[in-house]
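The next block is query-v2.txt, given as compact mmCIF, C-alpha atoms.
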```txt
# COMPACT_ATOMS: atom_id res chain seq x y z
CA ALA A 1 -79.68 154.45 80.84
CA GLY A 2 -80.81 156.41 83.89
CA THR A 3 -77.71 155.45 85.86
CA TRP A 4 -75.50 156.48 82.95
CA GLN A 5 -77.09 159.94 82.79
CA GLN A 6 -76.44 160.39 86.51
CA LEU A 7 -72.84 159.13 86.36
CA PRO A 8 -71.18 162.60 86.25
CA SER A 9 -72.68 163.39 89.65
CA PHE A 10 -70.66 160.54 91.16
CA LEU A 11 -67.35 161.80 89.69
CA ASP A 12 -65.10 164.73 90.49
CA ASP A 13 -63.11 166.69 87.90
CA GLY A 14 -60.31 164.12 88.07
CA MET A 15 -62.77 161.33 87.14
CA ILE A 16 -62.50 159.87 90.64
CA PHE A 17 -65.64 158.25 92.02
CA GLN A 18 -66.77 160.01 95.19
CA ARG A 19 -69.36 157.33 95.98
CA THR A 20 -70.59 154.05 94.52
CA PRO A 21 -73.11 154.36 91.66
CA PRO A 22 -76.26 152.27 92.21
CA GLY A 23 -76.23 148.85 90.60
CA THR A 24 -72.42 148.65 90.48
CA SER A 25 -69.61 147.43 92.74
CA ILE A 26 -67.33 150.38 91.94
CA ARG A 27 -65.64 151.55 95.10
CA ALA A 28 -65.26 155.18 96.11
CA GLY A 29 -61.77 156.37 95.21
CA SER A 30 -61.64 154.40 91.96
CA LYS A 31 -60.78 156.22 88.74
CA LEU A 32 -62.72 155.94 85.49
CA LEU A 33 -60.29 155.29 82.63
CA SER A 34 -62.42 154.39 79.62
CA VAL A 35 -65.91 153.36 78.53
CA ARG A 36 -66.59 151.26 75.43
CA HIS A 37 -62.92 151.58 74.39
CA LYS A 38 -63.07 155.40 74.53
CA ASP A 39 -60.60 157.10 76.85
CA ILE A 40 -62.29 159.32 79.43
CA ASN A 41 -60.23 162.28 80.64
CA SER A 42 -63.03 164.65 81.63
CA LYS A 43 -66.77 164.69 82.18
CA ASP A 44 -67.22 166.15 78.69
CA ASP A 45 -65.75 162.94 77.24
CA LEU A 46 -68.71 161.03 78.65
CA LYS A 47 -70.88 162.68 75.98
CA LEU A 48 -68.85 160.88 73.31
CA VAL A 49 -69.98 157.48 74.58
CA ARG A 50 -73.05 156.20 72.80
CA CYS A 51 -75.67 154.80 75.17
CA THR A 52 -77.60 152.00 73.45
CA GLY A 53 -79.45 150.62 76.45
CA LYS A 54 -77.14 147.61 76.60
CA ARG A 55 -74.38 147.01 79.12
CA LEU A 56 -71.58 149.56 79.09
CA TRP A 57 -68.15 148.10 79.77
CA ALA A 58 -65.89 150.48 81.64
CA ARG A 59 -62.23 150.24 82.64
CA ILE A 60 -61.75 151.24 86.27
CA ALA A 61 -58.54 151.71 88.25
CA ASP A 62 -59.09 150.76 91.89
CA PRO A 63 -55.99 151.48 93.99
CA SER A 64 -57.58 150.03 97.12
CA THR A 65 -57.49 146.40 95.97
CA SER A 66 -54.95 144.06 94.43
CA LYS A 67 -57.53 141.46 93.43
CA ARG A 68 -59.93 141.25 90.52
CA LYS A 69 -63.47 140.14 91.19
CA VAL A 70 -64.62 137.61 88.60
CA SER A 71 -67.94 135.88 88.12
CA LYS A 72 -68.47 132.24 88.97
CA GLY A 73 -68.55 131.35 85.28
CA SER A 74 -65.23 133.12 84.69
CA SER A 75 -63.72 131.32 87.67
CA ILE A 76 -64.81 127.95 86.26
CA PHE A 77 -63.26 128.78 82.90
CA ILE A 78 -59.97 129.96 84.44
CA GLN A 79 -59.67 126.73 86.42
CA PHE A 80 -60.42 124.74 83.28
CA TRP A 81 -57.83 126.70 81.30
CA ILE A 82 -55.12 126.15 83.94
CA ALA A 83 -55.83 122.40 84.02
CA TRP A 84 -55.76 122.26 80.21
CA CYS A 85 -52.46 124.15 79.99
CA LEU A 86 -50.80 121.75 82.43
CA ARG A 87 -51.60 118.77 80.20
CA PRO A 88 -49.13 117.62 77.53
CA GLN A 89 -50.02 119.30 74.26
CA MET A 90 -50.54 117.22 71.13
CA PRO A 91 -49.97 118.86 67.72
CA VAL A 92 -53.12 118.76 65.62
CA SER A 93 -53.37 119.33 61.89
CA LEU A 94 -55.74 122.08 60.79
CA ALA A 95 -56.97 119.85 57.96
CA VAL A 96 -60.37 118.31 58.63
CA PRO A 97 -60.01 114.52 58.95
CA ALA A 98 -61.77 112.32 56.44
CA MET A 99 -65.16 110.90 57.32
CA ASP A 100 -65.33 107.28 58.45
CA PHE A 101 -68.67 105.75 57.50
CA GLN A 102 -68.04 102.21 58.74
CA TYR A 103 -69.51 103.06 62.15
CA LYS A 104 -73.05 103.94 63.19
CA LEU A 105 -73.63 105.99 66.32
CA ALA A 106 -76.65 107.55 68.01
CA ALA A 107 -77.37 109.14 71.38
CA ASP A 108 -80.36 110.62 73.15
CA ALA A 109 -81.26 112.25 76.45
CA PHE A 110 -84.30 112.19 78.70
CA ALA A 111 -85.22 114.90 81.21
CA LYS A 112 -88.20 115.16 83.54
CA GLY A 113 -88.30 117.14 86.74
CA GLU A 114 -84.93 116.66 88.40
CA ASP A 115 -84.28 113.33 86.65
CA ILE A 116 -81.92 113.06 83.68
CA GLY A 117 -81.06 110.07 81.56
CA ILE A 118 -78.67 109.62 78.66
CA GLY A 119 -78.21 106.64 76.39
CA GLY A 120 -76.56 105.73 73.14
CA TRP A 121 -74.94 103.03 71.09
CA VAL A 122 -72.07 102.41 68.69
CA GLN A 123 -72.33 99.80 65.95
CA LEU A 124 -68.95 98.47 64.86
CA PRO A 125 -68.54 96.40 61.68
CA ASN A 126 -69.36 92.75 62.36
CA GLN A 127 -69.40 93.37 66.12
CA PRO A 128 -72.09 93.52 68.82
CA CYS A 129 -73.44 96.95 69.74
CA ILE A 130 -71.45 98.91 72.30
CA TRP A 131 -73.77 101.00 74.43
CA PHE A 132 -74.21 103.18 77.49
CA SER A 133 -77.09 104.18 79.73
CA GLU A 134 -76.80 106.50 82.72
CA ARG A 135 -79.15 108.35 85.09
CA PHE A 136 -78.38 111.61 86.87
CA LYS A 137 -79.97 114.26 89.07
CA VAL A 138 -79.90 118.01 88.51
CA HIS A 139 -78.10 118.61 91.81
CA GLU A 140 -75.12 116.58 90.55
CA PHE A 141 -74.49 119.20 87.87
CA VAL A 142 -75.22 122.09 90.22
CA ALA A 143 -72.53 120.66 92.52
CA LEU A 144 -70.08 121.05 89.62
CA GLY A 145 -70.81 124.78 89.60
CA LEU A 146 -73.03 124.70 86.52
CA PRO A 147 -76.02 127.10 86.39
CA MET A 148 -78.63 124.41 85.70
CA GLN A 149 -82.35 124.96 86.22
CA ALA A 150 -84.35 122.87 88.69
CA ASN A 151 -86.58 121.59 85.88
CA ALA A 152 -84.18 119.49 83.82
CA ASN A 153 -86.38 119.64 80.73
CA LEU A 154 -85.62 123.36 80.39
CA ASP A 155 -81.95 122.46 79.79
CA ILE A 156 -82.61 119.47 77.55
CA THR A 157 -80.21 120.73 74.84
CA SER A 158 -77.37 120.68 77.37
CA TYR A 159 -78.17 117.12 78.37
CA GLU A 160 -78.47 116.08 74.73
CA THR A 161 -74.95 117.46 74.28
CA LEU A 162 -73.87 115.48 77.33
CA ALA A 163 -75.15 112.36 75.56
CA GLN A 164 -72.95 113.18 72.56
CA LEU A 165 -70.05 113.63 74.97
CA ALA A 166 -70.71 110.16 76.37
CA LEU A 167 -70.91 108.84 72.81
CA VAL A 168 -67.32 109.95 72.17
CA VAL A 169 -66.22 108.31 75.43
CA CYS A 170 -68.04 105.13 74.41
CA PHE A 171 -66.43 105.09 70.96
CA SER A 172 -62.92 105.92 72.20
CA SER A 173 -63.01 103.21 74.88
CA PHE A 174 -63.00 100.52 72.18
CA THR A 175 -61.28 102.32 69.32
CA PRO A 176 -58.47 104.49 70.70
CA ALA A 177 -57.48 106.96 68.00
CA GLY A 178 -54.02 107.80 69.29
CA ARG A 179 -52.44 110.28 66.90
CA LEU A 180 -54.78 109.34 64.06
CA ARG A 181 -57.70 111.76 63.88
CA VAL A 182 -61.05 110.39 62.79
CA ARG A 183 -64.37 112.04 62.04
CA ILE A 184 -67.45 109.91 62.53
CA ALA A 185 -71.11 110.50 61.80
CA SER A 186 -73.50 110.52 64.75
CA TRP A 187 -77.24 111.05 65.08
CA SER A 188 -79.22 113.31 67.39
CA ASP A 189 -82.90 114.27 67.43
CA ASN A 190 -82.13 117.70 68.96
CA SER A 191 -81.32 120.51 66.51
CA GLY A 192 -79.49 122.60 69.13
CA THR A 193 -77.20 119.73 70.03
CA GLU A 194 -76.59 119.02 66.35
CA SER A 195 -75.33 122.59 65.88
CA VAL A 196 -73.17 122.62 69.02
CA ALA A 197 -71.61 119.21 68.30
CA ASN A 198 -70.57 120.36 64.84
CA LYS A 199 -69.37 123.88 65.69
CA LEU A 200 -68.02 123.04 69.17
CA PHE A 201 -68.68 126.63 70.17
CA THR A 202 -71.46 128.64 71.76
CA VAL A 203 -71.69 131.50 74.25
CA ARG A 204 -75.11 130.47 75.49
CA SER A 205 -75.18 129.28 79.09
CA PRO A 206 -75.25 126.58 80.39
CA ILE A 207 -74.73 124.65 77.14
CA CYS A 208 -71.40 126.44 76.63
CA PHE A 209 -69.90 124.40 79.49
CA PHE A 210 -70.97 121.15 77.83
CA ALA A 211 -69.65 122.30 74.45
CA GLN A 212 -66.35 123.15 76.14
CA ARG A 213 -66.04 119.60 77.49
CA LEU A 214 -66.99 118.10 74.13
CA ALA A 215 -64.38 120.21 72.32
CA THR A 216 -61.70 119.26 74.85
CA LEU A 217 -62.53 115.57 74.59
CA ALA A 218 -62.46 115.77 70.78
CA TRP A 219 -58.99 117.34 70.96
CA ARG A 220 -57.71 114.82 73.50
CA SER A 221 -59.10 111.70 71.81
CA GLY A 222 -58.68 112.77 68.19
CA ILE A 223 -62.35 111.95 67.56
CA THR A 224 -64.61 114.55 65.96
CA LEU A 225 -68.35 114.13 65.56
CA ASP A 226 -70.20 115.02 62.38
CA CYS A 227 -73.64 115.19 63.95
CA SER A 228 -76.75 115.05 61.79
CA HIS A 229 -80.41 115.27 62.68
CA ILE A 230 -82.59 112.21 62.93
CA ALA A 231 -86.32 112.17 63.55
CA GLY A 232 -87.25 111.16 67.08
CA CYS A 233 -89.35 108.26 65.82
CA HIS A 234 -86.23 106.76 64.20
CA ASN A 235 -84.08 107.21 67.31
CA ASP A 236 -86.04 104.75 69.43
CA SER A 237 -83.04 102.61 70.44
CA ALA A 238 -81.11 105.52 71.95
CA ASP A 239 -84.35 106.86 73.43
CA PHE A 240 -84.95 103.51 75.16
CA LEU A 241 -81.43 103.47 76.61
CA SER A 242 -81.80 107.02 77.93
CA ARG A 243 -85.03 106.06 79.73
CA TRP A 244 -83.93 102.61 80.93
CA ASP A 245 -84.22 102.41 84.72
CA GLY A 246 -81.70 99.60 85.21
CA ASP A 247 -84.25 96.78 85.34
CA LEU A 248 -82.48 93.88 83.59
CA SER A 249 -85.80 92.15 82.87
CA LYS A 250 -86.71 95.03 80.54
CA LEU A 251 -83.38 94.99 78.71
CA PRO A 252 -83.56 93.38 75.23
CA ASP A 253 -80.97 90.80 74.24
CA THR A 254 -79.51 93.31 71.79
CA TRP A 255 -77.84 95.15 74.66
CA SER A 256 -75.32 92.80 76.24
CA LEU A 257 -73.95 93.88 79.62
CA ASP A 258 -70.51 92.73 78.48
CA TYR A 259 -70.49 95.61 75.99
CA ARG A 260 -71.86 98.31 78.26
CA VAL A 261 -69.50 101.26 78.77
CA ASN A 262 -69.39 103.19 82.01
CA CYS A 263 -70.29 106.79 81.21
CA SER A 264 -70.86 107.98 84.75
CA LEU A 265 -70.28 111.65 85.52
CA PRO A 266 -66.68 111.25 86.80
CA VAL A 267 -65.77 109.46 83.58
CA ILE A 268 -67.37 111.77 81.01
CA TRP A 269 -66.93 115.07 82.87
CA ASP A 270 -63.62 114.63 84.69
CA VAL A 271 -62.21 112.16 82.14
CA GLU A 272 -61.04 109.61 84.68
CA ARG A 273 -58.63 107.10 83.22
CA ASP A 274 -59.54 103.50 82.55
CA VAL A 275 -57.02 101.24 84.30
CA ARG A 276 -57.57 97.48 84.24
CA VAL A 277 -55.41 94.74 85.72
CA PHE A 278 -54.75 91.37 84.12
CA PRO A 279 -55.12 88.81 85.54
CA ASP A 280 -58.01 89.91 87.75
CA ALA A 281 -56.56 88.31 90.88
CA ARG A 282 -53.45 90.46 90.71
CA ALA A 283 -53.21 92.84 93.68
CA LEU A 284 -52.05 96.45 93.48
CA GLN A 285 -50.61 98.61 96.23
CA TRP A 286 -52.61 101.58 94.96
CA GLN A 287 -56.24 102.12 94.06
CA PRO A 288 -56.67 102.43 90.27
CA PRO A 289 -59.14 104.96 88.79
CA GLN A 290 -62.67 103.89 88.02
CA SER A 291 -62.84 101.59 85.02
CA SER A 292 -64.86 102.64 81.99
CA LEU A 293 -66.16 99.08 81.60
CA ARG A 294 -68.61 97.39 83.93
```
If you convert what's in this file into structure tokens, what do you get?
Amino acid sequence: AGTWQQLPSFLDDGMIFQRTPPGTSIRAGSKLLSVRHKDINSKDDLKLVRCTGKRLWARIADPSTSKRKVSKGSSIFIQFWIAWCLRPQMPVSLAVPAMDFQYKLAADAFAKGEDIGIGGWVQLPNQPCIWFSERFKVHEFVALGLPMQANANLDITSYETLAQLALVVCFSSFTPAGRLRVRIASWSDNSGTESVANKLFTVRSPICFFAQRLATLAWRSGITLDCSHIAGCHNDSADFLSRWDGDLSKLPDTWSLDYRVNCSLPVIWDVERDVRVFPDARALQWQPPQSSLR
């Protein structure tokens, strides 16, 4: 508010900045065009702008530069949008697909210090459980440009959403939807993740980046989650998989390695394709992407 009251002293009668106001990156020589969607033609027009104590968005014309400075978050979104636009588009009906109750799915996440674990399972009719279990470090997500905190537990909702993202990858690896959209019920013991998985939208950072990936994967695979809350004490199987350290001696017979799906970060975040060669001894002259099955 104090800077706003002093703003006229930085402007001449033509609304040209003579020097940079404190706390801004406005260059001297730039022209003030509007504030909060109100055109500013003179200093008297500044009195028409209501100062609420929140951020004031101003439109500035800077003739000295041909580039626009954007935040790191905006840069990440622009790169995502360009990559998405270059992909073949698939028409999608606005009608909500019918629920499919013949599957049971659950996922959970574990976070302590810089350690993160996700785990989950998919129960198909008359089939063994398909499952995943992965461990990560906070710096792996920071390397992706995400504003994660050093203490992973403070971003547990984001990692719970990541587990739901892996759940879709796990389900789609065995039941490709193609052009047929399906909506399946999943379980989560985190209320924030339940809301994000159902709405597929939030402006809260950093969970917005995970919701963005989940929404994109839902569009690409044709699989939509109908997430519902489950008490933590009833989500013990997914909780075990999220905390499993890879020791095979501790792995119950329920979880067969033949039905474990690879949900490593390149697979669930970058959506690497699953290419497998039959027979196994067949040689290729190119290196196929990482398989989603171990």
Take atom CA of A:Ala185 and atom CA of A:Leu251 and report the distance between them in Å, one decimal. 26.0 Å
At most 10 Å is the cut-off: for each residue in stretch 45-136 of chain A with any atom that close to an atom of stretch 33-36 of chain A, write down the nearest atom pair and the distance in Å rounded to one decimal, counting all atoms listed in the file, chain first then increasing number, as a Markdown table.
```
| residue | atom | partner | partner_atom | distance |
| --- | --- | --- | --- | --- |
| A:Asp45 | CA | A:Ser34 | CA | 9.5 |
| A:Leu46 | CA | A:Val35 | CA | 8.2 |
| A:Leu48 | CA | A:Val35 | CA | 9.6 |
| A:Val49 | CA | A:Val35 | CA | 7.0 |
| A:Arg50 | CA | A:Arg36 | CA | 8.5 |
| A:Cys51 | CA | A:Arg36 | CA | 9.7 |
| A:Arg55 | CA | A:Arg36 | CA | 9.6 |
| A:Leu56 | CA | A:Arg36 | CA | 6.4 |
| A:Trp57 | CA | A:Arg36 | CA | 5.6 |
| A:Ala58 | CA | A:Val35 | CA | 4.2 |
| A:Arg59 | CA | A:Ser34 | CA | 5.1 |
| A:Ile60 | CA | A:Leu33 | CA | 5.6 |
| A:Ala61 | CA | A:Leu33 | CA | 6.9 |
```
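Every protein or nucleic acid residue with an atom no more than 7 Å from A:Cys227, counting all atoms listed in the file and leaving out same-chain residues fewer than 3 positions away, appears here: Ala185, Ser186, Trp187, Ser188, Glu194, Ala197 and Asn198 of chain A.
Closest to A:Asp115 among A:Gln5, A:Gln127, A:Ser242, A:Thr193 is A:Ser242, based on all atoms listed in the file.
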Give me, as a ChimeraX atom specification, all polymer residues having an atom no more than 10 Å from A:Tyr259, counting only C-alpha atoms and skipping those fewer than 4 positions away in the same chain. /A:121,128-132,170,174,255,293-294
How far is it from atom CA of A:Pro125 to atom CA of A:Thr224, in Å with one decimal?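 These two atoms are separated by 19.1 Å.
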Once you count all atoms listed in the file, which residues end up no further than 7 Å from (-76.7, 100.4, 85.0) in the file's frame, shown as a short mmCIF file (atom, residue, chain, number, x, y, z; two decimals) with C-alpha atoms, in the coordinates of the input?
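That gives us out.cif:
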```cif
data_model
loop_
_atom_site.label_atom_id
_atom_site.label_comp_id
_atom_site.auth_asym_id
_atom_site.auth_seq_id
_atom_site.Cartn_x
_atom_site.Cartn_y
_atom_site.Cartn_z
CA SER A 133 -77.09 104.18 79.73
CA GLU A 134 -76.80 106.50 82.72
CA GLY A 246 -81.70 99.60 85.21
#
```
Mind filling out stretch 69-88 of chain A with N, CA and C atoms and sending it as an mmCIF file, in the coordinates of the input?
```
data_model
loop_
_atom_site.group_PDB
_atom_site.id
_atom_site.type_symbol
_atom_site.label_atom_id
_atom_site.label_comp_id
_atom_site.auth_asym_id
_atom_site.auth_seq_id
_atom_site.Cartn_x
_atom_site.Cartn_y
_atom_site.Cartn_z
ATOM 1 N N LYS A 69 -62.271 140.912 90.912
ATOM 2 C CA LYS A 69 -63.470 140.140 91.190
ATOM 3 C C LYS A 69 -64.017 139.576 89.885
ATOM 4 N N VAL A 70 -64.128 138.259 89.809
ATOM 5 C CA VAL A 70 -64.620 137.610 88.600
ATOM 6 C C VAL A 70 -65.895 136.841 88.937
ATOM 7 N N SER A 71 -66.695 136.616 87.925
ATOM 8 C CA SER A 71 -67.940 135.880 88.120
ATOM 9 C C SER A 71 -67.634 134.398 88.326
ATOM 10 N N LYS A 72 -68.644 133.666 88.748
ATOM 11 C CA LYS A 72 -68.470 132.240 88.970
ATOM 12 C C LYS A 72 -68.160 131.523 87.661
ATOM 13 N N GLY A 73 -68.817 131.959 86.579
ATOM 14 C CA GLY A 73 -68.550 131.350 85.280
ATOM 15 C C GLY A 73 -67.120 131.591 84.826
ATOM 16 N N SER A 74 -66.613 132.814 85.058
ATOM 17 C CA SER A 74 -65.230 133.120 84.690
ATOM 18 C C SER A 74 -64.254 132.304 85.525
ATOM 19 N N SER A 75 -64.582 132.118 86.795
ATOM 20 C CA SER A 75 -63.720 131.320 87.670
ATOM 21 C C SER A 75 -63.644 129.875 87.194
ATOM 22 N N ILE A 76 -64.791 129.325 86.769
ATOM 23 C CA ILE A 76 -64.810 127.950 86.260
ATOM 24 C C ILE A 76 -63.939 127.834 85.017
ATOM 25 N N PHE A 77 -64.037 128.834 84.130
ATOM 26 C CA PHE A 77 -63.260 128.780 82.900
ATOM 27 C C PHE A 77 -61.760 128.909 83.176
ATOM 28 N N ILE A 78 -61.388 129.781 84.107
ATOM 29 C CA ILE A 78 -59.970 129.960 84.440
ATOM 30 C C ILE A 78 -59.389 128.660 84.995
ATOM 31 N N GLN A 79 -60.136 127.998 85.875
ATOM 32 C CA GLN A 79 -59.670 126.730 86.420
ATOM 33 C C GLN A 79 -59.531 125.676 85.328
ATOM 34 N N PHE A 80 -60.498 125.668 84.407
ATOM 35 C CA PHE A 80 -60.420 124.740 83.280
ATOM 36 C C PHE A 80 -59.197 125.037 82.417
ATOM 37 N N TRP A 81 -58.947 126.307 82.157
ATOM 38 C CA TRP A 81 -57.830 126.700 81.300
ATOM 39 C C TRP A 81 -56.489 126.321 81.938
ATOM 40 N N ILE A 82 -56.355 126.512 83.245
ATOM 41 C CA ILE A 82 -55.120 126.150 83.940
ATOM 42 C C ILE A 82 -54.885 124.640 83.840
ATOM 43 N N ALA A 83 -55.956 123.856 84.094
ATOM 44 C CA ALA A 83 -55.830 122.400 84.020
ATOM 45 C C ALA A 83 -55.464 121.957 82.604
ATOM 46 N N TRP A 84 -56.038 122.619 81.605
ATOM 47 C CA TRP A 84 -55.760 122.260 80.210
ATOM 48 C C TRP A 84 -54.320 122.598 79.838
ATOM 49 N N CYS A 85 -53.826 123.731 80.314
ATOM 50 C CA CYS A 85 -52.460 124.150 79.990
ATOM 51 C C CYS A 85 -51.411 123.237 80.617
ATOM 52 N N LEU A 86 -51.752 122.625 81.743
ATOM 53 C CA LEU A 86 -50.800 121.750 82.430
ATOM 54 C C LEU A 86 -50.718 120.370 81.787
ATOM 55 N N ARG A 87 -51.636 120.067 80.877
ATOM 56 C CA ARG A 87 -51.600 118.770 80.200
ATOM 57 C C ARG A 87 -50.615 118.805 79.036
ATOM 58 N N PRO A 88 -50.014 117.657 78.714
ATOM 59 C CA PRO A 88 -49.130 117.620 77.530
ATOM 60 C C PRO A 88 -49.911 117.979 76.276
#
```
